[in-house]
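Okay, work-v5.txt is below, compact mmCIF, C-alpha atoms and all ligand atoms:
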# COMPACT_ATOMS: atom_id res chain seq x y z
CA MET B 1 0.00 0.00 0.00
CA THR B 2 1.31 3.47 -0.88
CA LYS B 3 2.19 5.68 2.08
CA ARG B 4 0.59 8.70 0.46
CA PRO B 5 -2.99 7.94 -0.53
CA ARG B 6 -4.47 10.59 -2.80
CA LEU B 7 -8.20 10.32 -2.60
CA VAL B 8 -11.34 12.22 -3.52
CA ILE B 9 -14.51 11.42 -1.58
CA PHE B 10 -17.91 12.24 -3.06
CA GLY B 11 -21.28 11.95 -1.40
CA ARG B 12 -24.33 14.16 -1.33
CA GLN B 13 -25.25 15.99 1.83
CA GLY B 14 -26.35 13.46 4.46
CA ALA B 15 -24.44 10.56 2.86
CA GLY B 16 -22.22 10.26 5.95
CA LYS B 17 -19.19 11.67 4.15
CA GLY B 18 -17.99 13.71 7.16
CA THR B 19 -17.93 10.72 9.50
CA GLN B 20 -16.31 8.46 6.94
CA CYS B 21 -13.62 11.04 6.12
CA ALA B 22 -12.68 11.29 9.82
CA LEU B 23 -12.33 7.50 9.99
CA LEU B 24 -10.34 7.37 6.75
CA ILE B 25 -7.90 10.04 7.97
CA GLU B 26 -7.32 8.02 11.12
CA ARG B 27 -6.61 4.89 9.11
CA TYR B 28 -4.53 6.26 6.24
CA GLY B 29 -2.89 9.33 7.83
CA ALA B 30 -3.53 11.49 4.75
CA VAL B 31 -4.18 15.23 5.09
CA HIS B 32 -7.90 16.00 5.29
CA ILE B 33 -8.71 18.84 2.90
CA SER B 34 -12.32 19.84 3.50
CA THR B 35 -13.23 22.95 1.53
CA GLY B 36 -16.31 23.41 3.75
CA ASP B 37 -14.05 23.46 6.85
CA ILE B 38 -11.62 25.89 5.19
CA LEU B 39 -14.50 28.22 4.27
CA ARG B 40 -16.12 27.97 7.72
CA ALA B 41 -12.78 28.85 9.33
CA ALA B 42 -12.56 31.96 7.12
CA VAL B 43 -16.12 32.90 8.08
CA ALA B 44 -15.30 32.46 11.79
CA GLU B 45 -12.20 34.67 11.42
CA GLY B 46 -14.43 37.37 9.96
CA THR B 47 -12.04 38.24 7.14
CA GLU B 48 -13.25 40.10 4.06
CA PHE B 49 -13.04 36.82 2.15
CA GLY B 50 -14.92 35.04 4.96
CA ARG B 51 -17.76 37.55 4.77
CA LYS B 52 -18.10 37.03 1.02
CA ALA B 53 -17.97 33.25 1.37
CA ASP B 54 -20.65 33.40 4.07
CA GLU B 55 -23.09 35.06 1.67
CA PHE B 56 -22.84 32.12 -0.72
CA MET B 57 -22.82 29.47 1.98
CA SER B 58 -25.76 30.63 4.09
CA ALA B 59 -27.89 30.88 0.95
CA GLY B 60 -26.94 27.29 0.11
CA ASN B 61 -25.03 28.41 -2.99
CA LEU B 62 -21.64 27.24 -4.17
CA VAL B 63 -18.64 29.54 -3.83
CA PRO B 64 -17.37 30.46 -7.36
CA ASP B 65 -15.08 27.91 -9.02
CA ASP B 66 -12.06 30.19 -9.49
CA VAL B 67 -12.05 31.10 -5.79
CA ILE B 68 -12.25 27.54 -4.53
CA ILE B 69 -9.80 26.17 -7.11
CA GLY B 70 -7.23 28.74 -5.94
CA ILE B 71 -7.73 27.74 -2.30
CA VAL B 72 -7.34 24.03 -3.04
CA ASN B 73 -4.29 24.48 -5.27
CA ASP B 74 -2.56 26.46 -2.50
CA ARG B 75 -3.37 23.74 0.01
CA LEU B 76 -2.20 20.90 -2.27
CA ALA B 77 1.17 22.62 -2.71
CA LYS B 78 2.01 22.43 1.02
CA THR B 79 4.65 19.99 2.22
CA ASP B 80 2.36 18.00 4.56
CA VAL B 81 0.25 17.02 1.54
CA GLN B 82 3.34 16.06 -0.47
CA GLN B 83 4.51 13.89 2.42
CA HIS B 84 1.29 12.26 3.58
CA GLY B 85 -1.11 12.42 0.64
CA PHE B 86 -4.60 13.91 0.82
CA LEU B 87 -8.23 13.19 1.19
CA LEU B 88 -10.33 15.77 -0.64
CA ASP B 89 -13.74 16.25 0.97
CA GLY B 90 -16.26 18.63 -0.60
CA PHE B 91 -14.05 19.35 -3.59
CA PRO B 92 -14.47 19.09 -6.54
CA ARG B 93 -18.15 20.10 -6.54
CA THR B 94 -18.41 20.95 -10.26
CA GLU B 95 -16.95 19.58 -13.47
CA PRO B 96 -14.71 22.67 -13.97
CA GLN B 97 -13.30 22.05 -10.46
CA ALA B 98 -12.72 18.39 -11.31
CA ARG B 99 -10.94 19.28 -14.55
CA ALA B 100 -8.84 21.90 -12.76
CA LEU B 101 -7.79 19.32 -10.16
CA VAL B 102 -6.71 16.82 -12.78
CA GLU B 103 -4.92 19.57 -14.66
CA THR B 104 -2.99 20.49 -11.50
CA LEU B 105 -2.10 16.96 -10.38
CA GLY B 106 -2.30 14.91 -13.57
CA SER B 107 -4.53 11.83 -13.51
CA SER B 108 -1.65 9.82 -12.05
CA GLY B 109 -1.62 12.29 -9.13
CA ILE B 110 -4.96 10.90 -7.93
CA ASP B 111 -5.32 7.30 -6.80
CA LEU B 112 -9.07 7.09 -6.61
CA ALA B 113 -12.36 8.96 -6.36
CA VAL B 114 -15.02 7.19 -4.31
CA ASN B 115 -18.69 8.13 -4.45
CA ILE B 116 -20.70 7.17 -1.37
CA GLU B 117 -24.10 6.54 -2.90
CA VAL B 118 -27.19 7.01 -0.71
CA PRO B 119 -30.72 7.41 -2.13
CA LEU B 120 -32.24 10.90 -1.95
CA ALA B 121 -35.11 9.76 0.29
CA THR B 122 -32.61 8.42 2.83
CA VAL B 123 -30.46 11.57 2.95
CA ARG B 124 -33.58 13.71 3.40
CA GLU B 125 -34.54 11.63 6.44
CA ARG B 126 -31.02 11.85 7.87
CA ILE B 127 -30.77 15.62 7.38
CA ALA B 128 -34.19 16.15 8.99
CA GLY B 129 -32.83 14.41 12.10
CA ARG B 130 -29.83 16.69 12.64
CA ASN B 131 -29.44 20.30 13.71
CA ARG B 132 -26.95 22.42 11.79
CA ALA B 133 -27.15 26.18 11.28
CA ASP B 134 -27.01 25.84 7.48
CA ASP B 135 -29.61 23.05 7.40
CA ASN B 136 -32.67 25.25 6.80
CA PRO B 137 -35.00 23.50 4.32
CA GLU B 138 -34.40 25.89 1.39
CA ALA B 139 -30.61 25.64 1.71
CA VAL B 140 -30.80 21.84 2.03
CA ASP B 141 -32.95 21.60 -1.10
CA ARG B 142 -30.65 23.89 -3.04
CA ARG B 143 -27.59 21.87 -2.04
CA LEU B 144 -29.22 18.55 -2.95
CA GLN B 145 -30.29 19.98 -6.30
CA ASP B 146 -26.78 21.40 -6.88
CA TYR B 147 -25.36 17.98 -6.19
CA GLU B 148 -27.51 16.46 -8.95
CA ASP B 149 -26.95 19.27 -11.44
CA LYS B 150 -23.34 20.26 -10.80
CA THR B 151 -21.54 17.62 -8.76
CA THR B 152 -22.82 14.55 -10.62
CA PRO B 153 -20.92 15.70 -13.77
CA ALA B 154 -17.79 16.03 -11.62
CA VAL B 155 -18.29 12.47 -10.33
CA ARG B 156 -18.79 11.20 -13.88
CA PHE B 157 -15.65 12.98 -15.01
CA PHE B 158 -13.60 10.72 -12.71
CA GLY B 159 -15.35 7.78 -14.36
CA THR B 160 -14.16 8.95 -17.78
CA ILE B 161 -10.54 8.94 -16.58
CA GLY B 162 -10.94 5.50 -14.97
CA LYS B 163 -10.60 6.70 -11.37
CA LEU B 164 -14.13 6.30 -10.03
CA VAL B 165 -15.56 3.66 -7.71
CA GLU B 166 -19.15 3.82 -6.44
CA ILE B 167 -19.91 2.33 -3.05
CA ASP B 168 -23.20 1.66 -1.31
CA GLY B 169 -23.62 4.17 1.55
CA SER B 170 -26.56 2.42 3.20
CA GLY B 171 -26.29 0.56 6.51
CA SER B 172 -24.20 1.33 9.59
CA GLU B 173 -21.09 3.53 9.73
CA ASP B 174 -18.99 0.41 10.25
CA GLU B 175 -20.48 -1.30 7.21
CA VAL B 176 -19.88 1.72 4.99
CA PHE B 177 -16.33 2.11 6.33
CA ALA B 178 -15.58 -1.54 5.56
CA ARG B 179 -16.79 -1.06 1.97
CA LEU B 180 -14.70 2.09 1.61
CA THR B 181 -11.47 0.61 2.93
CA GLY B 182 -12.10 -2.49 0.84
CA VAL B 183 -12.08 -0.51 -2.42
CA ILE B 184 -9.33 1.87 -1.34
CA ASP B 185 -6.97 -0.90 -0.23
CA THR B 186 -7.56 -2.70 -3.51
CA HIS B 187 -6.64 0.38 -5.53
CA LEU B 188 -3.64 1.70 -3.59
P1 LIG L 201 -19.61 21.41 2.97
O1 LIG L 201 -19.20 21.45 4.40
O2 LIG L 201 -18.67 20.64 2.11
O3 LIG L 201 -21.03 20.97 2.79
O4 LIG L 201 -19.55 22.91 2.43
C1 LIG L 201 -20.34 23.92 3.00
C2 LIG L 201 -20.59 25.02 1.97
O5 LIG L 201 -19.33 25.59 1.55
C3 LIG L 201 -21.24 24.57 0.69
O6 LIG L 201 -22.65 24.52 0.80
C4 LIG L 201 -20.78 25.63 -0.30
O7 LIG L 201 -21.50 26.83 -0.13
C5 LIG L 201 -19.36 25.88 0.15
N1 LIG L 201 -18.39 24.98 -0.54
C6 LIG L 201 -17.66 23.97 0.03
N2 LIG L 201 -16.90 23.36 -0.88
C7 LIG L 201 -17.15 23.97 -2.07
C8 LIG L 201 -16.68 23.78 -3.40
N3 LIG L 201 -15.81 22.81 -3.71
N4 LIG L 201 -17.15 24.62 -4.36
C9 LIG L 201 -18.03 25.59 -4.08
N5 LIG L 201 -18.52 25.82 -2.85
C10 LIG L 201 -18.09 25.01 -1.84

Starting from the coordinates I provided, produce the structure as structure tokens.
Ligand code: AMP
Amino acid sequence: MTKRPRLVIFGRQGAGKGTQCALLIERYGAVHISTGDILRAAVAEGTEFGRKADEFMSAGNLVPDDVIIGIVNDRLAKTDVQQHGFLLDGFPRTEPQARALVETLGSSGIDLAVNIEVPLATVRERIAGRNRADDNPEAVDRRLQDYEDKTTPAVRFFGTIGKLVEIDGSGSEDEVFARLTGVIDTHL
């Protein structure tokens, strides 16, 4: 197994991506790059950039591609990522972001993209049962719709370059984690 896994994790809101990413980081020791976390940190700091990002985020809209691509490219260039590999969480969210990533790293710079597939009805139930500030119904609907319209093409793009594996995200956290590590270990 390579010491520097370079992974992209896809999953619509409520697919359990956050939990699974935390478990994967623990197991593989890669650097967790969550664009949502990076943006929320900027919002919390109250920078000019954070205030702009907050306007997009609280409305349930995506931050513009050029902005987020710049943030991710800067992060990928840091030495910890070079040394330990990465797990991209929440990026790419659009096909232009996916193409930009592959342009930056080359397709050999990514081991695998995994899509955690959970039916829409199930994620709606899961989201209804949690309590996050940005989980108001309009924002949730917009994000789920964005996932279908914008992120699905990004997922498919990894299929076209032979880097995509779909896994079943139903069942317990342990079951999903076992499926994930199964496919990742096979591909590393
Ligand atoms: P997340 O925690 O990944 O759900 O991200 C929270 C919010 O940050 C999203 O609803 C978007 O507004 C914004 N965001 C995070 N990642 C991206 C991205 N790759 N492209 C555009 N907007 C993003």

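With all atoms listed in the file counted, the chains near ligand LIG 201 (chain L) contribute these residues within 8 Å: Gln13, Ser34, Thr35, Gly36, Asp37, Leu39, Arg40, Ala53, Asp54, Phe56, Met57, Ser58, Ala59, Gly60, Asn61, Leu62, Val63, Pro64, Asp65, Ile68, Ile69, Asp89, Gly90, Phe91, Pro92, Arg93, Thr94, Gln97 and Arg143 of chain B.
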
Inset, instruction - Find, counting all atoms listed in the file, the residue in B:Leu188, B:Val43, B:Ile25, B:Ala30 that gets nearest to B:Gln82. - result: B:Ala30

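With only C-alpha atoms as the atoms that count, the minimum distance from B:Gln83 to the choices B:Val31, B:Lys150, B:Gly14, B:Phe158 is reached by B:Val31.
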
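Atom CA of B:Phe49 is found 28.0 Å from atom CA of B:Arg6.
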
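The space between atom CA of B:Asp111 and atom CA of B:Tyr147 spans 22.7 Å.
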
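Atom CA of B:Glu103 is positioned 21.3 Å from atom CA of B:His187.
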
Inset, instruction - Can you pull out every residue within 6 Å of B:Ile116, counting only C-alpha atoms, but drop anything in the same chain fewer than 5 positions away, and send it as a ChimeraX atom specification? - result: /B:11,167,169

Using the selection just defined, write its residues with C-alpha atoms as a PDB file, keeping the file's coordinate frame.
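Output file again_33.pdb follows:
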ATOM      1  CA  GLY B  11     -21.280  11.950  -1.400  1.00  0.00           C
ATOM      2  CA  ILE B 167     -19.910   2.330  -3.050  1.00  0.00           C
ATOM      3  CA  GLY B 169     -23.620   4.170   1.550  1.00  0.00           C
TER       4      GLY B 169
END

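When all atoms listed in the file are used to measure the gap to B:Val183, the shortest distance among B:Val81, B:Ala42, B:Ile71, B:Leu7 belongs to B:Leu7.
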
Could you work out an axis-aligned bounding box for all listed atoms of stretch 19-32 of chain B, with 8 Å added on each of the six sides, and give its centre and edge lengths in Å to one decimal, as JSON?
{"center_x": -10.4, "center_y": 10.4, "center_z": 7.9, "size_x": 31.0, "size_y": 27.1, "size_z": 22.4}

Inset, instruction - In the coordinate frame of the file, compute which residues have an atom within 10 Å of (-2.5, 14.6, -0.8) when using all atoms listed in the file, and state them as a list of chain:residue names. - result: B:Arg4, B:Pro5, B:Arg6, B:Leu7, B:Val8, B:Ala30, B:Val31, B:His32, B:Ile33, B:Arg75, B:Leu76, B:Ala77, B:Lys78, B:Thr79, B:Asp80, B:Val81, B:Gln82, B:Gln83, B:His84, B:Gly85, B:Phe86, B:Leu87, B:Leu88, B:Leu105, B:Gly109, B:Ile110, B:Asp111

Legend entry - Neighbour list for B:Leu144 as a PyMOL selection string, cut-off 9 Å, all atoms listed in the file, skip fewer than 5 positions in-chain: chain B and resi 12-13+120+139+149

Could you give me, as a PDB file with C-alpha atoms, in the coordinates of the input, the residues within 10 Å of B:Glu95, counting only C-alpha atoms and dropping anything in the same chain fewer than 4 positions from it?
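After the write, out_6.pdb holds the following:
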ATOM      1  CA  ASP B  65     -15.080  27.910  -9.020  1.00  0.00           C
ATOM      2  CA  ARG B  99     -10.940  19.280 -14.550  1.00  0.00           C
ATOM      3  CA  ALA B 100      -8.840  21.900 -12.760  1.00  0.00           C
ATOM      4  CA  LEU B 101      -7.790  19.320 -10.160  1.00  0.00           C
ATOM      5  CA  LYS B 150     -23.340  20.260 -10.800  1.00  0.00           C
ATOM      6  CA  THR B 151     -21.540  17.620  -8.760  1.00  0.00           C
ATOM      7  CA  THR B 152     -22.820  14.550 -10.620  1.00  0.00           C
ATOM      8  CA  PRO B 153     -20.920  15.700 -13.770  1.00  0.00           C
ATOM      9  CA  ALA B 154     -17.790  16.030 -11.620  1.00  0.00           C
ATOM     10  CA  VAL B 155     -18.290  12.470 -10.330  1.00  0.00           C
ATOM     11  CA  ARG B 156     -18.790  11.200 -13.880  1.00  0.00           C
ATOM     12  CA  PHE B 157     -15.650  12.980 -15.010  1.00  0.00           C
ATOM     13  CA  PHE B 158     -13.600  10.720 -12.710  1.00  0.00           C
TER      14      PHE B 158
END

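Restricting the calculation to only C-alpha atoms, the smallest distance between B:Ser107 and any of B:Glu26, B:Pro137, B:Arg179, B:Leu164 is found for B:Leu164.
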
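Nearest-residue note for B:Asp168: choosing from B:Ala41, B:Glu117, B:Glu125, B:Arg142, the minimum distance belongs to B:Glu117, counting all atoms listed in the file.
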
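Candidate residues B:Glu166, B:Glu173, B:Asp134, B:Glu45 were compared for distance to B:Thr19, and the nearest is B:Glu173, using all atoms listed in the file.
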